[in-house]
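> What follows is the file work03.pdb, containing PDB, C-alpha atoms and all ligand atoms:
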ATOM      1  CA  MET X   1      18.670 -21.158  26.770
ATOM      2  CA  LEU X   2      18.597 -24.418  28.716
ATOM      3  CA  GLY X   3      20.045 -22.616  31.733
ATOM      4  CA  PHE X   4      17.227 -20.088  31.433
ATOM      5  CA  LEU X   5      14.669 -22.905  31.477
ATOM      6  CA  ARG X   6      16.294 -24.521  34.525
ATOM      7  CA  SER X   7      14.886 -21.774  36.745
ATOM      8  CA  THR X   8      11.545 -23.076  37.982
ATOM      9  CA  ILE X   9       9.573 -19.868  37.711
ATOM     10  CA  LEU X  10      10.892 -19.135  34.227
ATOM     11  CA  SER X  11      10.106 -22.710  33.165
ATOM     12  CA  LYS X  12       6.559 -22.169  34.375
ATOM     13  CA  ILE X  13       6.286 -18.910  32.459
ATOM     14  CA  VAL X  14       7.724 -20.502  29.301
ATOM     15  CA  MET X  15       5.328 -23.420  29.700
ATOM     16  CA  ALA X  16       2.320 -21.116  30.161
ATOM     17  CA  VAL X  17       3.238 -18.777  27.287
ATOM     18  CA  SER X  18       4.027 -21.632  24.858
ATOM     19  CA  GLY X  19       0.826 -23.378  25.998
ATOM     20  CA  ALA X  20      -1.163 -20.184  25.325
ATOM     21  CA  ALA X  21       0.348 -20.018  21.816
ATOM     22  CA  LEU X  22      -0.717 -23.637  21.220
ATOM     23  CA  VAL X  23      -4.244 -22.824  22.416
ATOM     24  CA  GLY X  24      -4.231 -19.906  19.946
ATOM     25  CA  PHE X  25      -3.327 -22.368  17.197
ATOM     26  CA  LEU X  26      -6.130 -24.750  18.286
ATOM     27  CA  ILE X  27      -8.689 -21.928  18.129
ATOM     28  CA  ALA X  28      -7.461 -20.690  14.724
ATOM     29  CA  HIS X  29      -7.271 -24.242  13.320
ATOM     30  CA  LEU X  30     -10.806 -24.997  14.475
ATOM     31  CA  THR X  31     -12.152 -21.742  13.011
ATOM     32  CA  GLY X  32     -10.617 -22.635   9.633
ATOM     33  CA  ASN X  33     -11.755 -26.275   9.751
ATOM     34  CA  LEU X  34     -15.351 -25.327  10.545
ATOM     35  CA  LEU X  35     -15.517 -23.841   7.027
ATOM     36  CA  VAL X  36     -16.144 -27.427   5.929
ATOM     37  CA  PHE X  37     -19.795 -26.721   6.886
ATOM     38  CA  ALA X  38     -19.821 -23.844   4.388
ATOM     39  CA  GLY X  39     -18.981 -26.228   1.533
ATOM     40  CA  PRO X  40     -15.988 -27.119  -0.672
ATOM     41  CA  GLU X  41     -15.555 -23.649  -2.177
ATOM     42  CA  LYS X  42     -14.977 -21.983   1.192
ATOM     43  CA  ILE X  43     -12.717 -24.552   2.865
ATOM     44  CA  ASN X  44     -10.661 -25.246  -0.250
ATOM     45  CA  ALA X  45     -10.190 -21.498  -0.852
ATOM     46  CA  TYR X  46      -9.136 -21.172   2.795
ATOM     47  CA  GLY X  47      -6.567 -24.015   2.406
ATOM     48  CA  GLN X  48      -5.234 -22.353  -0.736
ATOM     49  CA  GLY X  49      -5.159 -19.008   1.090
ATOM     50  CA  LEU X  50      -2.861 -20.557   3.701
ATOM     51  CA  ARG X  51      -0.568 -21.931   0.993
ATOM     52  CA  ASP X  52      -0.549 -18.524  -0.719
ATOM     53  CA  LEU X  53       0.966 -17.051   2.443
ATOM     54  CA  GLY X  54       4.217 -18.633   1.153
ATOM     55  CA  PRO X  55       7.175 -17.763   3.414
ATOM     56  CA  LEU X  56       4.838 -16.341   6.084
ATOM     57  CA  LEU X  57       3.234 -19.791   6.440
ATOM     58  CA  TRP X  58       6.703 -21.166   7.172
ATOM     59  CA  VAL X  59       7.267 -18.462   9.769
ATOM     60  CA  LEU X  60       3.985 -19.514  11.438
ATOM     61  CA  ARG X  61       4.922 -23.211  11.214
ATOM     62  CA  ILE X  62       8.350 -22.569  12.739
ATOM     63  CA  GLY X  63       6.697 -20.495  15.486
ATOM     64  CA  LEU X  64       4.394 -23.424  16.195
ATOM     65  CA  LEU X  65       7.307 -25.867  16.278
ATOM     66  CA  VAL X  66       9.245 -23.603  18.648
ATOM     67  CA  ALA X  67       6.176 -23.383  20.932
ATOM     68  CA  VAL X  68       5.845 -27.195  20.951
ATOM     69  CA  ALA X  69       9.571 -27.636  21.647
ATOM     70  CA  LEU X  70       9.587 -25.067  24.497
ATOM     71  CA  HIS X  71       6.445 -26.620  25.971
ATOM     72  CA  ILE X  72       8.044 -30.072  26.013
ATOM     73  CA  ILE X  73      11.435 -28.908  27.315
ATOM     74  CA  SER X  74       9.898 -26.848  30.133
ATOM     75  CA  SER X  75       7.584 -29.733  31.069
ATOM     76  CA  ILE X  76      10.589 -32.060  31.356
ATOM     77  CA  PHE X  77      12.442 -29.607  33.609
ATOM     78  CA  LEU X  78       9.387 -29.014  35.766
ATOM     79  CA  ALA X  79       8.607 -32.731  36.091
ATOM     80  CA  ASP X  80      12.223 -33.330  37.061
ATOM     81  CA  LYS X  81      12.149 -30.523  39.646
ATOM     82  CA  ASN X  82       8.868 -31.862  40.998
ATOM     83  CA  ARG X  83      10.379 -35.295  41.516
ATOM     84  CA  THR X  84      13.671 -34.236  43.061
ATOM     85  CA  ALA X  85      12.705 -31.127  45.037
ATOM     86  CA  ARG X  86       9.332 -31.876  46.564
ATOM     87  CA  PRO X  87       9.229 -30.143  49.961
ATOM     88  CA  VAL X  88       9.045 -32.537  52.884
ATOM     89  CA  SER X  89       6.155 -30.498  54.274
ATOM     90  CA  TYR X  90       3.818 -31.590  51.448
ATOM     91  CA  SER X  91       1.044 -33.726  52.792
ATOM     92  CA  LYS X  92       1.086 -37.269  51.463
ATOM     93  CA  LYS X  93      -2.335 -36.859  49.859
ATOM     94  CA  LYS X  94      -1.375 -33.713  47.963
ATOM     95  CA  SER X  95       1.844 -35.314  46.777
ATOM     96  CA  ILE X  96       0.015 -38.376  45.456
ATOM     97  CA  GLN X  97      -2.608 -36.173  43.781
ATOM     98  CA  SER X  98      -0.048 -33.992  42.032
ATOM     99  CA  THR X  99       1.896 -37.052  40.882
ATOM    100  CA  ILE X 100      -1.243 -38.524  39.352
ATOM    101  CA  ALA X 101      -2.040 -35.178  37.715
ATOM    102  CA  SER X 102       1.439 -34.790  36.242
ATOM    103  CA  ARG X 103       1.476 -38.417  35.060
ATOM    104  CA  THR X 104      -1.897 -37.865  33.396
ATOM    105  CA  MET X 105      -0.539 -34.717  31.757
ATOM    106  CA  LEU X 106       2.543 -36.594  30.584
ATOM    107  CA  PHE X 107       0.422 -39.403  29.173
ATOM    108  CA  SER X 108      -2.053 -37.072  27.435
ATOM    109  CA  GLY X 109       0.858 -34.925  26.190
ATOM    110  CA  ILE X 110       2.587 -37.936  24.607
ATOM    111  CA  THR X 111      -0.733 -39.113  23.133
ATOM    112  CA  ILE X 112      -1.291 -35.653  21.600
ATOM    113  CA  LEU X 113       2.218 -35.639  20.090
ATOM    114  CA  THR X 114       1.639 -39.094  18.604
ATOM    115  CA  PHE X 115      -1.694 -37.916  17.217
ATOM    116  CA  VAL X 116      -0.152 -34.801  15.641
ATOM    117  CA  ALA X 117       2.473 -36.980  13.908
ATOM    118  CA  TYR X 118      -0.297 -39.267  12.609
ATOM    119  CA  HIS X 119      -2.442 -36.245  11.648
ATOM    120  CA  LEU X 120       0.413 -34.705   9.628
ATOM    121  CA  LEU X 121       0.990 -38.037   7.874
ATOM    122  CA  HIS X 122      -2.733 -38.032   7.109
ATOM    123  CA  TYR X 123      -3.615 -34.519   5.903
ATOM    124  CA  THR X 124      -0.326 -32.758   5.296
ATOM    125  CA  TYR X 125       1.720 -35.572   3.714
ATOM    126  CA  GLY X 126      -1.084 -37.835   2.405
ATOM    127  CA  ILE X 127       0.538 -41.044   3.667
ATOM    128  CA  VAL X 128      -2.423 -42.374   5.709
ATOM    129  CA  GLN X 129      -4.959 -42.292   2.855
ATOM    130  CA  PRO X 130      -2.825 -41.685  -0.265
ATOM    131  CA  GLU X 131      -5.748 -42.615  -2.542
ATOM    132  CA  PHE X 132      -7.659 -39.498  -1.426
ATOM    133  CA  TYR X 133      -4.770 -37.064  -1.131
ATOM    134  CA  HIS X 134      -4.430 -35.911  -4.715
ATOM    135  CA  GLY X 135      -8.009 -34.735  -5.284
ATOM    136  CA  GLU X 136      -8.374 -31.338  -6.946
ATOM    137  CA  TYR X 137     -11.146 -28.760  -6.851
ATOM    138  CA  MET X 138     -11.822 -25.892  -9.223
ATOM    139  CA  LEU X 139     -12.631 -22.676  -7.381
ATOM    140  CA  HIS X 140     -15.204 -20.217  -8.808
ATOM    141  CA  ASP X 141     -12.304 -18.014  -9.936
ATOM    142  CA  GLY X 142     -10.999 -20.884 -12.105
ATOM    143  CA  ARG X 143      -8.013 -21.847  -9.950
ATOM    144  CA  THR X 144      -7.500 -25.580  -9.392
ATOM    145  CA  VAL X 145      -6.578 -26.261  -5.774
ATOM    146  CA  HIS X 146      -6.047 -29.114  -3.308
ATOM    147  CA  ASP X 147      -9.426 -30.656  -2.356
ATOM    148  CA  ILE X 148      -9.292 -30.640   1.457
ATOM    149  CA  TYR X 149     -13.108 -30.885   1.626
ATOM    150  CA  SER X 150     -13.323 -34.347   0.019
ATOM    151  CA  MET X 151     -10.198 -35.479   1.901
ATOM    152  CA  MET X 152     -11.901 -34.711   5.239
ATOM    153  CA  ILE X 153     -15.053 -36.572   4.173
ATOM    154  CA  HIS X 154     -13.075 -39.656   3.109
ATOM    155  CA  GLY X 155     -11.182 -39.484   6.397
ATOM    156  CA  PHE X 156     -14.270 -39.392   8.573
ATOM    157  CA  THR X 157     -16.144 -42.104   6.726
ATOM    158  CA  ASN X 158     -13.407 -44.486   7.881
ATOM    159  CA  PRO X 159     -14.393 -45.761  11.378
ATOM    160  CA  PHE X 160     -10.792 -46.353  12.521
ATOM    161  CA  ILE X 161      -9.738 -42.810  11.599
ATOM    162  CA  THR X 162     -12.893 -41.310  13.136
ATOM    163  CA  VAL X 163     -12.408 -43.135  16.463
ATOM    164  CA  SER X 164      -8.732 -42.146  16.608
ATOM    165  CA  TYR X 165      -9.641 -38.457  16.061
ATOM    166  CA  VAL X 166     -12.412 -38.575  18.662
ATOM    167  CA  LEU X 167      -9.986 -40.042  21.225
ATOM    168  CA  ALA X 168      -7.197 -37.621  20.310
ATOM    169  CA  VAL X 169      -9.414 -34.525  20.475
ATOM    170  CA  THR X 170     -10.736 -35.753  23.842
ATOM    171  CA  PHE X 171      -7.151 -36.042  25.132
ATOM    172  CA  VAL X 172      -6.322 -32.557  23.810
ATOM    173  CA  CYS X 173      -9.314 -31.068  25.654
ATOM    174  CA  MET X 174      -8.627 -32.971  28.901
ATOM    175  CA  HIS X 175      -5.004 -31.829  28.766
ATOM    176  CA  LEU X 176      -6.115 -28.242  28.184
ATOM    177  CA  ASN X 177      -8.683 -28.315  30.975
ATOM    178  CA  HIS X 178      -6.095 -29.410  33.523
ATOM    179  CA  ALA X 179      -3.421 -27.127  32.048
ATOM    180  CA  ILE X 180      -5.489 -23.948  32.405
ATOM    181  CA  ALA X 181      -6.229 -24.597  36.088
ATOM    182  CA  SER X 182      -2.638 -25.543  36.899
ATOM    183  CA  ALA X 183      -1.118 -22.687  34.866
ATOM    184  CA  PHE X 184      -3.035 -20.124  36.912
ATOM    185  CA  GLN X 185      -2.164 -21.964  40.121
ATOM    186  CA  THR X 186       1.556 -22.435  39.479
ATOM    187  CA  LEU X 187       1.937 -18.849  38.306
ATOM    188  CA  GLY X 188       0.419 -17.753  41.586
ATOM    189  CA  PHE X 189      -2.906 -16.424  40.317
ATOM    190  CA  ASN X 190      -4.948 -18.657  42.559
ATOM    191  CA  HIS X 191      -7.236 -16.913  44.951
ATOM    192  CA  PRO X 192     -10.386 -18.387  46.519
ATOM    193  CA  LYS X 193     -12.322 -15.531  44.905
ATOM    194  CA  TYR X 194     -11.215 -16.415  41.357
ATOM    195  CA  ASN X 195     -10.615 -20.183  41.501
ATOM    196  CA  ALA X 196     -14.179 -21.088  40.528
ATOM    197  CA  LYS X 197     -14.060 -18.631  37.591
ATOM    198  CA  ILE X 198     -10.680 -19.998  36.418
ATOM    199  CA  LYS X 199     -12.077 -23.533  36.604
ATOM    200  CA  MET X 200     -15.162 -22.482  34.653
ATOM    201  CA  PHE X 201     -13.000 -20.807  32.011
ATOM    202  CA  GLY X 202     -10.891 -23.996  31.616
ATOM    203  CA  VAL X 203     -13.907 -26.276  31.394
ATOM    204  CA  GLY X 204     -15.747 -23.860  29.081
ATOM    205  CA  LEU X 205     -12.877 -23.384  26.612
ATOM    206  CA  SER X 206     -12.066 -27.126  26.553
ATOM    207  CA  ALA X 207     -15.749 -27.967  26.030
ATOM    208  CA  ILE X 208     -16.107 -25.439  23.169
ATOM    209  CA  LEU X 209     -13.024 -26.870  21.429
ATOM    210  CA  TRP X 210     -14.210 -30.459  22.013
ATOM    211  CA  VAL X 211     -17.676 -29.805  20.588
ATOM    212  CA  GLY X 212     -16.233 -27.698  17.749
ATOM    213  CA  TYR X 213     -13.644 -30.228  16.583
ATOM    214  CA  LEU X 214     -15.943 -33.218  16.981
ATOM    215  CA  SER X 215     -18.789 -31.476  15.150
ATOM    216  CA  ILE X 216     -16.732 -32.104  11.973
ATOM    217  CA  PRO X 217     -16.691 -35.943  12.065
ATOM    218  CA  ALA X 218     -20.240 -35.821  13.478
ATOM    219  CA  GLY X 219     -21.459 -33.599  10.595
ATOM    220  CA  ILE X 220     -19.812 -35.896   8.051
ATOM    221  CA  MET X 221     -21.194 -39.083   9.606
ATOM    222  CA  ALA X 222     -24.670 -37.532   9.824
ATOM    223  CA  GLY X 223     -24.507 -36.630   6.113
ATOM    224  CA  VAL X 224     -24.768 -32.876   6.758
ATOM    225  CA  VAL X 225     -21.400 -32.515   5.023
ATOM    226  CA  LYS X 226     -21.265 -34.761   1.969
ATOM    227  CA  LEU X 227     -19.336 -35.360  -1.216
ATOM    228  CA  ILE X 228     -20.301 -33.096  -4.095
ATOM    229  CA  GLU X 229     -21.238 -34.715  -7.400
ATOM    230  CA  GLY X 230     -18.214 -34.904  -9.676
ATOM    231  CA  ALA X 231     -15.670 -34.314  -6.871
ATOM    232  CA  HIS X 232     -13.101 -37.036  -6.033
TER
HETATM  233  C1  LIG X 301     -11.591 -32.777  13.588
HETATM  234  C2  LIG X 301     -10.342 -32.487  13.847
HETATM  235  C3  LIG X 301      -9.347 -31.945  12.837
HETATM  236  C4  LIG X 301      -9.438 -31.805  11.475
HETATM  237  C5  LIG X 301     -10.615 -32.124  10.555
HETATM  238  C6  LIG X 301      -8.174 -31.259  11.017
HETATM  239  C7  LIG X 301      -7.865 -30.982   9.698
HETATM  240  C8  LIG X 301      -6.631 -30.611   9.223
HETATM  241  C9  LIG X 301      -6.283 -30.450   7.836
HETATM  242  C10 LIG X 301      -7.231 -30.667   6.658
HETATM  243  C11 LIG X 301      -4.986 -30.072   7.772
HETATM  244  C12 LIG X 301      -4.151 -29.819   6.504
HETATM  245  C13 LIG X 301      -4.383 -28.442   5.966
HETATM  246  C14 LIG X 301      -3.748 -28.286   4.617
HETATM  247  O1  LIG X 301      -2.795 -28.983   4.271
HETATM  248  O2  LIG X 301      -4.185 -27.394   3.896
HETATM  249  C15 LIG X 301      -4.494 -29.991   9.131
HETATM  250  C16 LIG X 301      -3.211 -29.609   9.488
HETATM  251  C17 LIG X 301      -2.760 -29.581  10.771
HETATM  252  N1  LIG X 301      -3.466 -29.889  11.919
HETATM  253 FE1  LIG X 301      -5.395 -30.463  12.017
HETATM  254  N2  LIG X 301      -7.355 -31.063  12.101
HETATM  255  C18 LIG X 301      -8.025 -31.488  13.226
HETATM  256  C19 LIG X 301      -7.565 -31.457  14.521
HETATM  257  C20 LIG X 301      -6.298 -31.071  14.900
HETATM  258  C21 LIG X 301      -5.820 -31.026  16.256
HETATM  259  C22 LIG X 301      -6.657 -31.404  17.490
HETATM  260  C23 LIG X 301      -4.517 -30.604  16.189
HETATM  261  C24 LIG X 301      -3.531 -30.371  17.319
HETATM  262  C25 LIG X 301      -3.535 -31.037  18.449
HETATM  263  C26 LIG X 301      -4.192 -30.376  14.810
HETATM  264  C27 LIG X 301      -2.960 -29.957  14.344
HETATM  265  C28 LIG X 301      -2.642 -29.739  13.007
HETATM  266  C29 LIG X 301      -1.330 -29.307  12.551
HETATM  267  C30 LIG X 301      -0.117 -29.022  13.439
HETATM  268  C31 LIG X 301      -1.408 -29.191  11.150
HETATM  269  C32 LIG X 301      -0.301 -28.765  10.181
HETATM  270  C33 LIG X 301      -0.443 -27.296   9.891
HETATM  271  C34 LIG X 301       0.554 -26.891   8.815
HETATM  272  O3  LIG X 301       1.743 -26.904   9.092
HETATM  273  O4  LIG X 301       0.136 -26.573   7.721
HETATM  274  N3  LIG X 301      -5.295 -30.653  14.040
HETATM  275  N4  LIG X 301      -5.513 -30.319   9.995
END
Please go through the file and, once you have read it, give me the structure as structure tokens.
Ligand code: HEM

Amino acid sequence: MLGFLRSTILSKIVMAVSGAALVGFLIAHLTGNLLVFAGPEKINAYGQGLRDLGPLLWVLRIGLLVAVALHIISSIFLADKNRTARPVSYSKKKSIQSTIASRTMLFSGITILTFVAYHLLHYTYGIVQPEFYHGEYMLHDGRTVHDIYSMMIHGFTNPFITVSYVLAVTFVCMHLNHAIASAFQTLGFNHPKYNAKIKMFGVGLSAILWVGYLSIPAGIMAGVVKLIEGAH
């Protein structure tokens, strides 16, 4: 497997395909999270629906982990190749630019990983705000489920947590914006005719995700999404 990744073009393909899978996750995760605007019944039923997937949820989680691992491994190989095998013919300017770009990607990538670890400790394991993790909600069908709705509200009424999410989501979207442009370029899909469209697609998708994710803390801070009487 590692030998397979050592080939530059295959590393680029693995990086692009794993990156596309991660973008798919970001879109799906945002779509689910936006249910917070539809109220506790909808988002809590959605959270329970995910848990009810049982073993399939674990298949999806393992798929996500594999995508993250392949993305990191291929990025390490490509960064290494970039450093050791840069053609002498590269102009100095281009070389400096691509080094800055890859350093920025490395920095935003590490920041995103750190955020995901923190995020899992927050919402999945309840270690960041344990006092709000055990809330329960009774669905209309009588089932008592985990109260994600109130947990999100408690999270985003804490200024430290809100600022850290705003920064992290901004890093995710900056990383994605650069990644889309460079994925098309390194895979050889760059053509003067399409470059502007590719750039627009990258900026557009990153901007939609940025606005979408940040609409959640914004909606909570503005009081559009608020705690329901009697909930925890
Ligand atoms: C406003 C921003 C976000 C909110 C409100 C949010 C909310 C949540 C919640 C409530 C859960 C737990 C679901 C449950 O246990 O039922 C969760 C899980 C998760 N989130 Fe987020 N999220 C946000 C942004 C992100 C971003 C930007 C990423 C990735 C970079 C991300 C990655 C994950 C992952 C990997 C999980 C674990 C999924 C699992 O294995 O079940 N989230 N998120």
> Could you give me, as JSON, numbers by chain, every polymer residue with an atom at most 7 Å away from an atom of ligand LIG 301 (chain X), counting all atoms listed in the file?
{"X": [26, 29, 33, 47, 48, 50, 61, 112, 116, 119, 120, 123, 124, 148, 152, 165, 168, 169, 172, 213, 214, 216, 217]}
> I need the chosen residues saved as a compact mmCIF listing (two decimals), keeping the file's coordinate frame, with C-alpha atoms.

# COMPACT_ATOMS: atom_id res chain seq x y z
CA LEU X 26 -6.13 -24.75 18.29
CA HIS X 29 -7.27 -24.24 13.32
CA ASN X 33 -11.76 -26.28 9.75
CA GLY X 47 -6.57 -24.02 2.41
CA GLN X 48 -5.23 -22.35 -0.74
CA LEU X 50 -2.86 -20.56 3.70
CA ARG X 61 4.92 -23.21 11.21
CA ILE X 112 -1.29 -35.65 21.60
CA VAL X 116 -0.15 -34.80 15.64
CA HIS X 119 -2.44 -36.24 11.65
CA LEU X 120 0.41 -34.70 9.63
CA TYR X 123 -3.62 -34.52 5.90
CA THR X 124 -0.33 -32.76 5.30
CA ILE X 148 -9.29 -30.64 1.46
CA MET X 152 -11.90 -34.71 5.24
CA TYR X 165 -9.64 -38.46 16.06
CA ALA X 168 -7.20 -37.62 20.31
CA VAL X 169 -9.41 -34.52 20.48
CA VAL X 172 -6.32 -32.56 23.81
CA TYR X 213 -13.64 -30.23 16.58
CA LEU X 214 -15.94 -33.22 16.98
CA ILE X 216 -16.73 -32.10 11.97
CA PRO X 217 -16.69 -35.94 12.06
> X:Leu35: which residues within 12 Å, counting all atoms listed in the file, same-chain residues fewer than 5 positions away excluded, as a ChimeraX atom specification?
/X:28-30,40-47,148-149,152,212-213,215-216,219,225
> Name the residues that the PyMOL selection byres (((chain X and resi 185) around 12) and not hetatm) picks from the file above, as a ChimeraX atom specification, using the file's chain letters and numbers.
/X:12-13,16,178-184,186-192,194-195,198-199
> Please return the centre and edge lengths, in Å to one decimal, of a box with edges along x, y and z that contains all listed atoms of stretch 191-202 of chain X, widened by 3 Å on every side, as JSON.

{"center_x": -11.2, "center_y": -19.8, "center_z": 39.1, "size_x": 13.9, "size_y": 14.5, "size_z": 20.9}
> Taking into account only C-alpha atoms, which residue in the set X:Leu113, X:Ile27, X:Met105, X:Ala21 is nearest to X:Ala67?
X:Ala21
> From the set X:Ala207, X:Thr170, X:Ser11, X:Met151, which residue has the shortest atom-to-atom contact distance to X:Lys81, counting all atoms listed in the file?
X:Ser11
> What is the atom CA of X:Thr104 to atom CA of X:Leu78 distance in Å?
14.5 Å
> What is the distance, in Å and to one decimal place, between atom CA of X:Trp58 and atom CA of X:Leu176?
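Atom CA of X:Leu176 lies at a distance of 25.6 Å from atom CA of X:Trp58.
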> Name the residues in contact with X:Ser150 at a cut-off of 9 Å, using only C-alpha atoms, excluding same-chain residues fewer than 4 positions from it; report them as a PyMOL selection string.
chain X and resi 40+132+135+154-155+226-228+231-232
> Considering only C-alpha atoms, can you say which of X:Tyr133, X:Phe77, X:Phe107, X:Phe156 comes closest to X:Leu10?
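Nearest candidate to X:Leu10 out of X:Tyr133, X:Phe77, X:Phe107, X:Phe156: X:Phe77.
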> In Å, rounded to a single decimal, give me how far atom CA of X:Leu34 is from atom CA of X:Gly223.
15.2 Å
> Can you fill out stretch 173-188 of chain X with N, CA and C atoms and hand it back as an mmCIF file, in the coordinates of the input?

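What follows is the written file out21.cif:
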data_model
loop_
_atom_site.group_PDB
_atom_site.id
_atom_site.type_symbol
_atom_site.label_atom_id
_atom_site.label_comp_id
_atom_site.auth_asym_id
_atom_site.auth_seq_id
_atom_site.Cartn_x
_atom_site.Cartn_y
_atom_site.Cartn_z
ATOM 1 N N CYS X 173 -8.445 -31.921 24.820
ATOM 2 C CA CYS X 173 -9.314 -31.068 25.654
ATOM 3 C C CYS X 173 -9.133 -31.369 27.140
ATOM 4 N N MET X 174 -8.893 -32.646 27.489
ATOM 5 C CA MET X 174 -8.627 -32.971 28.901
ATOM 6 C C MET X 174 -7.317 -32.331 29.355
ATOM 7 N N HIS X 175 -6.321 -32.412 28.476
ATOM 8 C CA HIS X 175 -5.004 -31.829 28.766
ATOM 9 C C HIS X 175 -5.161 -30.318 28.993
ATOM 10 N N LEU X 176 -5.917 -29.688 28.114
ATOM 11 C CA LEU X 176 -6.115 -28.242 28.184
ATOM 12 C C LEU X 176 -6.865 -27.850 29.457
ATOM 13 N N ASN X 177 -7.878 -28.614 29.779
ATOM 14 C CA ASN X 177 -8.683 -28.315 30.975
ATOM 15 C C ASN X 177 -7.798 -28.312 32.219
ATOM 16 N N HIS X 178 -6.971 -29.349 32.356
ATOM 17 C CA HIS X 178 -6.095 -29.410 33.523
ATOM 18 C C HIS X 178 -5.024 -28.314 33.450
ATOM 19 N N ALA X 179 -4.514 -28.086 32.212
ATOM 20 C CA ALA X 179 -3.421 -27.127 32.048
ATOM 21 C C ALA X 179 -3.836 -25.710 32.448
ATOM 22 N N ILE X 180 -5.050 -25.321 32.090
ATOM 23 C CA ILE X 180 -5.489 -23.948 32.405
ATOM 24 C C ILE X 180 -5.532 -23.756 33.925
ATOM 25 N N ALA X 181 -6.145 -24.713 34.626
ATOM 26 C CA ALA X 181 -6.229 -24.597 36.088
ATOM 27 C C ALA X 181 -4.837 -24.563 36.693
ATOM 28 N N SER X 182 -3.941 -25.482 36.242
ATOM 29 C CA SER X 182 -2.638 -25.543 36.899
ATOM 30 C C SER X 182 -1.744 -24.381 36.496
ATOM 31 N N ALA X 183 -1.942 -23.840 35.274
ATOM 32 C CA ALA X 183 -1.118 -22.687 34.866
ATOM 33 C C ALA X 183 -1.409 -21.508 35.786
ATOM 34 N N PHE X 184 -2.684 -21.236 36.026
ATOM 35 C CA PHE X 184 -3.035 -20.124 36.912
ATOM 36 C C PHE X 184 -2.499 -20.373 38.322
ATOM 37 N N GLN X 185 -2.603 -21.644 38.763
ATOM 38 C CA GLN X 185 -2.164 -21.964 40.121
ATOM 39 C C GLN X 185 -0.646 -21.842 40.261
ATOM 40 N N THR X 186 0.097 -22.447 39.317
ATOM 41 C CA THR X 186 1.556 -22.435 39.479
ATOM 42 C C THR X 186 2.140 -21.043 39.249
ATOM 43 N N LEU X 187 1.425 -20.210 38.494
ATOM 44 C CA LEU X 187 1.937 -18.849 38.306
ATOM 45 C C LEU X 187 1.487 -17.931 39.435
ATOM 46 N N GLY X 188 0.769 -18.496 40.391
ATOM 47 C CA GLY X 188 0.419 -17.753 41.586
ATOM 48 C C GLY X 188 -0.850 -16.919 41.476
#
